[in-house]
There are 4 protein chains.
Amino acid sequence: MTTAELELANTTVADPRTGASMKALVYHGAGKHAWEDKPRPMIQEPGDAIVRITTSTICGTDLHILKGDLPAVTDGRILGHEGIGVIEQVGAGVSEFHVGDKVIISCVTACLKCDFCKRSMYSHCRHGGWILGYTLDGTQAEYVRIPQADGSLYLFPPGADEESMVMLSDILPTGFECGVLNGQVKPGDTVAIVGAGPVGLAVLLTAQFYSPAAIFMIDLDDKRLAVAKKFGATNLVNSSNGKAAQQVMELTEGAGVDVAIEAVGLPATFAICQAIVAAGGRIANVGVHGKPVELHMEKLWDRNIAITTRLVDAVTTPVLLKVVRSGKLQPSKLVTHRFAMHDILKAYDTFGNAAKEGALKVILTNKAD
Amino acid sequence: MTTAELELANTTVADPRTGASMKALVYHGAGKHAWEDKPRPMIQEPGDAIVRITTSTICGTDLHILKGDLPAVTDGRILGHEGIGVIEQVGAGVSEFHVGDKVIISCVTACLKCDFCKRSMYSHCRHGGWILGYTLDGTQAEYVRIPQADGSLYLFPPGADEESMVMLSDILPTGFECGVLNGQVKPGDTVAIVGAGPVGLAVLLTAQFYSPAAIFMIDLDDKRLAVAKKFGATNLVNSSNGKAAQQVMELTEGAGVDVAIEAVGLPATFAICQAIVAAGGRIANVGVHGKPVELHMEKLWDRNIAITTRLVDAVTTPVLLKVVRSGKLQPSKLVTHRFAMHDILKAYDTFGNAAKEGALKVILTNKAD
Amino acid sequence: MTTAELELANTTVADPRTGASMKALVYHGAGKHAWEDKPRPMIQEPGDAIVRITTSTICGTDLHILKGDLPAVTDGRILGHEGIGVIEQVGAGVSEFHVGDKVIISCVTACLKCDFCKRSMYSHCRHGGWILGYTLDGTQAEYVRIPQADGSLYLFPPGADEESMVMLSDILPTGFECGVLNGQVKPGDTVAIVGAGPVGLAVLLTAQFYSPAAIFMIDLDDKRLAVAKKFGATNLVNSSNGKAAQQVMELTEGAGVDVAIEAVGLPATFAICQAIVAAGGRIANVGVHGKPVELHMEKLWDRNIAITTRLVDAVTTPVLLKVVRSGKLQPSKLVTHRFAMHDILKAYDTFGNAAKEGALKVILTNKAD
Amino acid sequence: MTTAELELANTTVADPRTGASMKALVYHGAGKHAWEDKPRPMIQEPGDAIVRITTSTICGTDLHILKGDLPAVTDGRILGHEGIGVIEQVGAGVSEFHVGDKVIISCVTACLKCDFCKRSMYSHCRHGGWILGYTLDGTQAEYVRIPQADGSLYLFPPGADEESMVMLSDILPTGFECGVLNGQVKPGDTVAIVGAGPVGLAVLLTAQFYSPAAIFMIDLDDKRLAVAKKFGATNLVNSSNGKAAQQVMELTEGAGVDVAIEAVGLPATFAICQAIVAAGGRIANVGVHGKPVELHMEKLWDRNIAITTRLVDAVTTPVLLKVVRSGKLQPSKLVTHRFAMHDILKAYDTFGNAAKEGALKVILTNKAD
């Protein structure tokens, strides 16, 4: 494809060679976005696959993009980094997938060949990482082009349900890798999760893979805490009175928690984690931070703790697939609302008013006609 | 021993029952200390041992105590938490050591029985931890009482030299555990050590156990950097121009270092570590901090890094003993000055003017008459 | 206590100083044993505790001893290495327990001070290890002397039930440490356990701490397999037709299992493990072996596997206590029969005919009068 | 390329389209091989690269092939799985390498995409593994086709020497991964290596990355032991008197070794490892075995040991490159003889009489004209 063709592809609504177009959720700068016509994506590199989306969902990050918080996202970008679909076309270099395969799309694109990929840090892939719906057109559309397809897709297990499987695109590996694995949750541990939003709940669900003795869930919203209770939290702490840390210390008889998981991304919630981590414990950060935090090294220097950060690598997708298929985890529990893809603007409204609507994950479906 | 007897012991200069006294370096509040008479210590608990000190040394922490920076240290305290000596007496519960054994005294006292000790976190021992020369009389004396002796002493290897072995009391395990092990130094790694004082140099020496490819040493003092060069640093960075981080980034072609080890304890040096750690890397803190630091979570949240803190547990003493005995490490390299114990005030003067005197570790010897 | 007194203690049925006696199950050589009078044990070393037994149980190893298979067990030995009781007396060196404390007795005695204990290998403790009911009088009695009490006892959690807690003396840490931890069971793994006796079932219960996707249980006895099903096994394989390995390979579509755990101790069952372990997998041995096995290095040398052996260290007792207290595990499930301690000969009959009686763990209780 | 073309390529000595031919060492069944004309290899798959060989070497496995011990190697096969060369041509799917790049060829071919590659078990790659000079034409030639080039080649570091770098193709990662990493060699450890051939010496060189306190080298040949001494072994044990195990036990005062590494592949040498491994130790197998061994589970079941097997994955090549470039390791030490590639039959003679010739690694060079 020449540059001229590429420009054409970017400015017309239909594939210039096939005339094929599709609908997609397109970002046009802060506060402006629409469900509109775009040309269908085509194979551009040997490693590409074209996937027809059947199911997608919305992430909290998408809301930030719509507000204009992520300047790397430019006018015309199709959003979305989560999805299930069927492969329509593959490039010559794709060896692990074939036309007709139903697949889970990972939010992280991995070339598998660079130094970071070889160290299982797909998030820092030199040819990928998080690019879908960010610097590359994404999955809230009828079709998507997936580069490095062999490293970025997973076979959809026969008989599985799409609502569960789409949780493997991002939210489950995020909670599991950044929260549970980095936090080294172990049998018998006392764990605190700060933030009972969808990601915090994904931490909660996957932390239970390791049989901790207690899981404290900390949030401002009693409704979310009530969901956490149903999902396996052993203790609920409403932090709106500013005394969450104090309460956790009392509940642990002054010992603090073995693992404190930050799933919000604010200085105040990070501060709670510092205040409650036991000597020898871990603080695992999951939240996206926009500002520096104060780290109390004058209190922590001799406490034998570890603090970890991580952008999801989505390297645990094969493991998560096995656990979900075994029936030990029902990720579709996280789904609260369902929309047809063409009603995505309504879906965004609901998800954008999560507290009022009681929304966790909102499912988008491209219905076959 | 009754309370009355204990009080007596604390106020007279001789053992009330034996009349035996000794000389010791005694703290009398900020800026006041003396080499003076004290009663010889006696067995108080079944786990105690009385050790006649042959060699001791001074730690940077001792200087902080003399300045009054550590309010837990009270008037009358004998300082010192490092030493070699010979056991004069043991309590009924001591099973691993006998009168006449030559021993290395660990700076950390470990009961071995509590939950922390069972998890190899001797630093947080519920009946010990760092207490010698802090909340309990220490080793800068002719005799010392060592509680929990079975967990706090190590047999002096036959034929070893005392100057090397006294480095196992504190400085080598500190550098090794807090810096090298927590930093997970691995073959081929690029390591930066911020601070070329005695502890930073102990990090440097023990980091080489794992064959890193490069070790950057960062300090304000060219003399100390020159020592680091002799001790195995591959690159020297003088940070006095405020461009240390920039230089390290250039030297690593923008990649940063796999492990950044903080061996100073200041916000500025911690900031250097944050600025140079590579994605996927570790920041291991060794320095004692007195103030909070700014943690740039807005830059680090997606960098897959780990930050660790630790008070030395001295659990690696057996391993360090094996390595030193094998000849792979000559810790006596760190010794720059030697004094008779009764000249300890001069020794403190020299150590207190380390930069001017070129002092690293200062040896104190109780000469047999 | 002088040697003469000790001899006396060993030959009369009552404490020579107090005249106190007790009842105990005493071994008198292969095939001979009795519930008979013995002197009550007394404190002999500063680290000792005397425990009044409230609950005990019988281990498969006890049956081997009665048959004369363990020549280290001599005439007059009181058997039993599992138990719950109340401390009647402590030596001067015991610091963590007090008279009146209700305790769990670990089958492994740990001094905590020797090189092996410091490396958490209590099983190889230079002053302990497995000695209770083996080279030292044990717990199938009214009283027992526990040496190294601080390392060998655990506080009984308030409100817990004794039938569950006595499973922490041996069988649960054995299954967990030798099988699950050494086998490195991970979320999503496929695990096979060869042997559905009490220890194999303890492996099964504790393997579930890590959420494996499938657990194959292999045994000759359909009744035991049925129990395994109730305890969480996902697939049952009766090996009596000699085709267990073949069946497992078919069930795994030729891949084999990630972890094969041997809980029998015979060449044939070890051979099954070799035949079913996947490339990259682990074989964790739990069974006690009396003969060499054939290791097929000509097939395994290039398969990237690990084979582990272990005598239970009982270092995970604190973790198991936390998990049991959290309600994630009900070890009393393993109990099938209950007897008063004075009916221990009947209890042995039942346990010795485990297949016929459907016996797993048999509880023995010293009823308060 | 059609099947017909492929057949043509396999039966004529020149590329049917280009007429280009080359020289290569070709196997023609047990005992028969020749340096003869073959067609130059061509790109067949998008992932292929054609490499012009500059340096190669001979492996002990090549001798086994020539004897007919590996029936998977068929008549007409070009041998060799080690080499350095320059890329002449790349397929459309190769992204990490370009024509003109100088490269190290790994003995293991890795697609990077399959489940085994994603778990860093390249040796079991579903599209690769060890195939070069085995089931695919190899490197003892003027040119070679490297499939899955992005996963199977490494950039030759500027300024490095080819004799050192060709040791990274196989022998260094084999010794390091199968011996040192699997054996978990740690600072202060006592290590025994059974077999002082080239692979055993590679273990010896790379074990020193971790500063063990002692390395015992065990072999039948005093000349090889003398080499081991120069390479860093601390103790030499000639096993020809059948008392190697006894000697090691005496040298370790009955404790045995922390790590026993088998680098021969015979029941007798594996037996030595079993006899000398300490409680809590590891046996790491490196040797290629042709027969079962007797595993003394009746002695080892309670010794807390681990036995590992592994086919080299060559995943540590990037790490080894860093260590070699840092100057900590000079792999060219292993080179004893040098030949022009066209004298390869003489090179095989020398290598085949290694004991007599004192041969370790034999270098083969394609001299530019």
# chains A, B, ... in the order shown; residues from 1 in each chain; ligands from 1
>>> select_by_dssp(residues="segment 35-263 of chain B", states="helix (DSSP H, G or I)", output="PyMOL selection string")
chain B and resi 60-67+115-118+122-124+149-152+162-168+171-181+198-210+222-230+239-241+244-251
>>> select_by_dssp(residues="segment 128-170 of chain C", states="strand (DSSP E)", output="count of residues only")
7
>>> closest_atom_pairs(of="chain D", to="chain B", cutoff="7 Å", atoms="only C-alpha atoms", output="JSON lines")
{"residue": "D:Pro187", "atom": "CA", "partner": "B:Phe209", "partner_atom": "CA", "distance": 6.4}
{"residue": "D:Gly188", "atom": "CA", "partner": "B:Val323", "partner_atom": "CA", "distance": 4.8}
{"residue": "D:Phe209", "atom": "CA", "partner": "B:Ser211", "partner_atom": "CA", "distance": 5.2}
{"residue": "D:Tyr210", "atom": "CA", "partner": "B:Tyr210", "partner_atom": "CA", "distance": 4.9}
{"residue": "D:Ser211", "atom": "CA", "partner": "B:Phe209", "partner_atom": "CA", "distance": 5.2}
{"residue": "D:Ala213", "atom": "CA", "partner": "B:Ser326", "partner_atom": "CA", "distance": 5.0}
{"residue": "D:Val319", "atom": "CA", "partner": "B:Gly188", "partner_atom": "CA", "distance": 5.4}
{"residue": "D:Lys322", "atom": "CA", "partner": "B:Gly188", "partner_atom": "CA", "distance": 4.9}
{"residue": "D:Val323", "atom": "CA", "partner": "B:Gly188", "partner_atom": "CA", "distance": 4.8}
{"residue": "D:Ser326", "atom": "CA", "partner": "B:Ala213", "partner_atom": "CA", "distance": 5.0}
>>> residues_around(residues="segment 140-155 of chain A", least_positions_apart="2", cutoff="6 Å", atoms="only C-alpha atoms", output="ChimeraX atom specification")
/A:22-25,41,47-53,79-80,96,103-106,109-111
>>> write_last_selection(atoms="C-alpha atoms", output="compact mmCIF listing (two decimals), in the first residue's frame")
# COMPACT_ATOMS: atom_id res chain seq x y z
CA MET A 22 -17.94 0.03 8.32
CA LYS A 23 -19.25 1.82 11.40
CA ALA A 24 -16.99 2.79 14.29
CA LEU A 25 -16.78 4.97 17.39
CA PRO A 41 -9.28 -1.87 7.57
CA GLY A 47 1.87 -9.99 10.52
CA ASP A 48 -1.59 -8.35 10.33
CA ALA A 49 -5.01 -9.92 10.79
CA ILE A 50 -8.38 -8.32 10.06
CA VAL A 51 -10.94 -9.22 12.70
CA ARG A 52 -14.71 -8.76 12.47
CA ILE A 53 -15.74 -7.68 15.96
CA LEU A 79 -11.38 3.79 20.20
CA GLY A 80 -11.45 0.47 22.04
CA GLU A 96 -0.84 -19.35 14.33
CA VAL A 103 -10.35 -14.92 18.72
CA ILE A 104 -9.85 -12.89 21.85
CA ILE A 105 -8.07 -9.61 21.11
CA SER A 106 -5.46 -8.65 23.70
CA THR A 109 0.11 -5.94 20.97
CA ALA A 110 3.28 -8.07 21.12
CA CYS A 111 5.80 -8.67 18.37
>>> atom_distance(atom1="atom CA of Ile193 of chain C", atom2="atom CA of Lys299 of chain C")
21.4 Å
>>> residues_around(residues="segment 172-180 of chain D", least_positions_apart="6", cutoff="9 Å", atoms="only C-alpha atoms", output="number ranges by chain")
C: 304; D: 193, 199-207, 210, 259-263, 283-286, 308-317, 320, 331
>>> residues_around(residues="Ile215 of chain A", least_positions_apart="2", cutoff="6 Å", atoms="only C-alpha atoms", output="list in words")
Val191, Ala192, Ala233 and Thr234 of chain A
>>> write_last_selection(atoms="all heavy atoms", output="mmCIF file, in the first residue's frame")
data_model
loop_
_atom_site.group_PDB
_atom_site.id
_atom_site.type_symbol
_atom_site.label_atom_id
_atom_site.label_comp_id
_atom_site.auth_asym_id
_atom_site.auth_seq_id
_atom_site.Cartn_x
_atom_site.Cartn_y
_atom_site.Cartn_z
ATOM 1 N N VAL A 191 -4.958 -9.340 52.484
ATOM 2 C CA VAL A 191 -4.837 -8.477 51.312
ATOM 3 C C VAL A 191 -5.805 -7.303 51.453
ATOM 4 O O VAL A 191 -6.928 -7.497 51.909
ATOM 5 C CB VAL A 191 -5.178 -9.273 50.028
ATOM 6 C CG1 VAL A 191 -5.129 -8.391 48.794
ATOM 7 C CG2 VAL A 191 -4.255 -10.471 49.876
ATOM 8 N N ALA A 192 -5.357 -6.116 51.084
ATOM 9 C CA ALA A 192 -6.289 -4.983 50.995
ATOM 10 C C ALA A 192 -6.285 -4.468 49.567
ATOM 11 O O ALA A 192 -5.226 -4.343 48.951
ATOM 12 C CB ALA A 192 -5.867 -3.865 51.946
ATOM 13 N N ALA A 233 -14.943 -10.502 48.943
ATOM 14 C CA ALA A 233 -14.239 -9.701 49.951
ATOM 15 C C ALA A 233 -14.691 -10.162 51.337
ATOM 16 O O ALA A 233 -15.868 -10.451 51.551
ATOM 17 C CB ALA A 233 -14.528 -8.215 49.765
ATOM 18 N N THR A 234 -13.737 -10.221 52.283
ATOM 19 C CA THR A 234 -14.113 -10.671 53.625
ATOM 20 C C THR A 234 -14.437 -9.493 54.540
ATOM 21 O O THR A 234 -15.150 -9.662 55.520
ATOM 22 C CB THR A 234 -12.970 -11.496 54.258
ATOM 23 O OG1 THR A 234 -11.782 -10.706 54.279
ATOM 24 C CG2 THR A 234 -12.713 -12.767 53.458
#
>>> closest_residue(among="B:Met217, B:Leu132, B:Ile276, B:Ala228", to="Gln246 of chain B", atoms="only C-alpha atoms")
B:Ile276
>>> residues_around(residues="segment 356-358 of chain A", least_positions_apart="2", cutoff="9 Å", atoms="only C-alpha atoms", output="count of residues only")
9
>>> residues_around(residues="Asp62 of chain D", least_positions_apart="5", cutoff="10 Å", atoms="only C-alpha atoms", output="JSON list (two decimals) with N, CA, C and O atoms, in the first residue's frame")
[["chain", "number", "residue", "atom", "x", "y", "z"],
["D", 57, "THR", "N", 32.00, -24.81, 14.41],
["D", 57, "THR", "CA", 32.76, -25.68, 15.31],
["D", 57, "THR", "C", 32.05, -27.03, 15.36],
["D", 57, "THR", "O", 30.98, -27.20, 14.76],
["D", 67, "LYS", "N", 28.49, -41.64, 13.89],
["D", 67, "LYS", "CA", 28.49, -43.08, 14.22],
["D", 67, "LYS", "C", 27.16, -43.74, 13.92],
["D", 67, "LYS", "O", 27.03, -44.96, 14.03],
["D", 68, "GLY", "N", 26.13, -42.94, 13.63],
["D", 68, "GLY", "CA", 24.83, -43.51, 13.34],
["D", 68, "GLY", "C", 23.94, -43.65, 14.57],
["D", 68, "GLY", "O", 22.90, -44.32, 14.54],
["D", 69, "ASP", "N", 24.33, -43.00, 15.67],
["D", 69, "ASP", "CA", 23.56, -43.14, 16.91],
["D", 69, "ASP", "C", 22.22, -42.41, 16.89],
["D", 69, "ASP", "O", 21.36, -42.68, 17.72],
["D", 70, "LEU", "N", 22.06, -41.45, 15.99],
["D", 70, "LEU", "CA", 20.82, -40.67, 15.97],
["D", 70, "LEU", "C", 20.07, -40.96, 14.67],
["D", 70, "LEU", "O", 20.29, -40.29, 13.65],
["D", 79, "LEU", "N", 25.68, -31.45, 8.39],
["D", 79, "LEU", "CA", 25.76, -31.40, 9.86],
["D", 79, "LEU", "C", 26.10, -29.99, 10.36],
["D", 79, "LEU", "O", 26.39, -29.09, 9.59],
["D", 80, "GLY", "N", 26.09, -29.86, 11.71],
["D", 80, "GLY", "CA", 26.52, -28.61, 12.34],
["D", 80, "GLY", "C", 25.36, -27.77, 12.87],
["D", 80, "GLY", "O", 24.41, -27.47, 12.13],
["D", 81, "HIS", "N", 25.45, -27.37, 14.13],
["D", 81, "HIS", "CA", 24.39, -26.52, 14.71],
["D", 81, "HIS", "C", 24.98, -25.32, 15.43],
["D", 81, "HIS", "O", 24.31, -24.69, 16.25],
["D", 133, "GLY", "N", 21.28, -29.22, 11.50],
["D", 133, "GLY", "CA", 22.26, -30.30, 11.45],
["D", 133, "GLY", "C", 21.70, -31.58, 12.04],
["D", 133, "GLY", "O", 22.45, -32.48, 12.43],
["D", 134, "TYR", "N", 20.39, -31.65, 12.13],
["D", 134, "TYR", "CA", 19.73, -32.82, 12.74],
["D", 134, "TYR", "C", 18.60, -33.29, 11.81],
["D", 134, "TYR", "O", 18.75, -34.30, 11.14],
["D", 348, "TYR", "N", 37.54, -33.19, 12.27],
["D", 348, "TYR", "CA", 36.79, -34.28, 12.91],
["D", 348, "TYR", "C", 37.74, -35.32, 13.49],
["D", 348, "TYR", "O", 37.50, -35.87, 14.57],
["D", 352, "GLY", "N", 37.66, -36.15, 17.22],
["D", 352, "GLY", "CA", 37.28, -37.53, 17.53],
["D", 352, "GLY", "C", 38.30, -38.24, 18.41],
["D", 352, "GLY", "O", 37.99, -39.24, 19.05]]
>>> atom_distance(atom1="atom CA of Val194 of chain A", atom2="atom CA of Ala30 of chain A")
29.1 Å
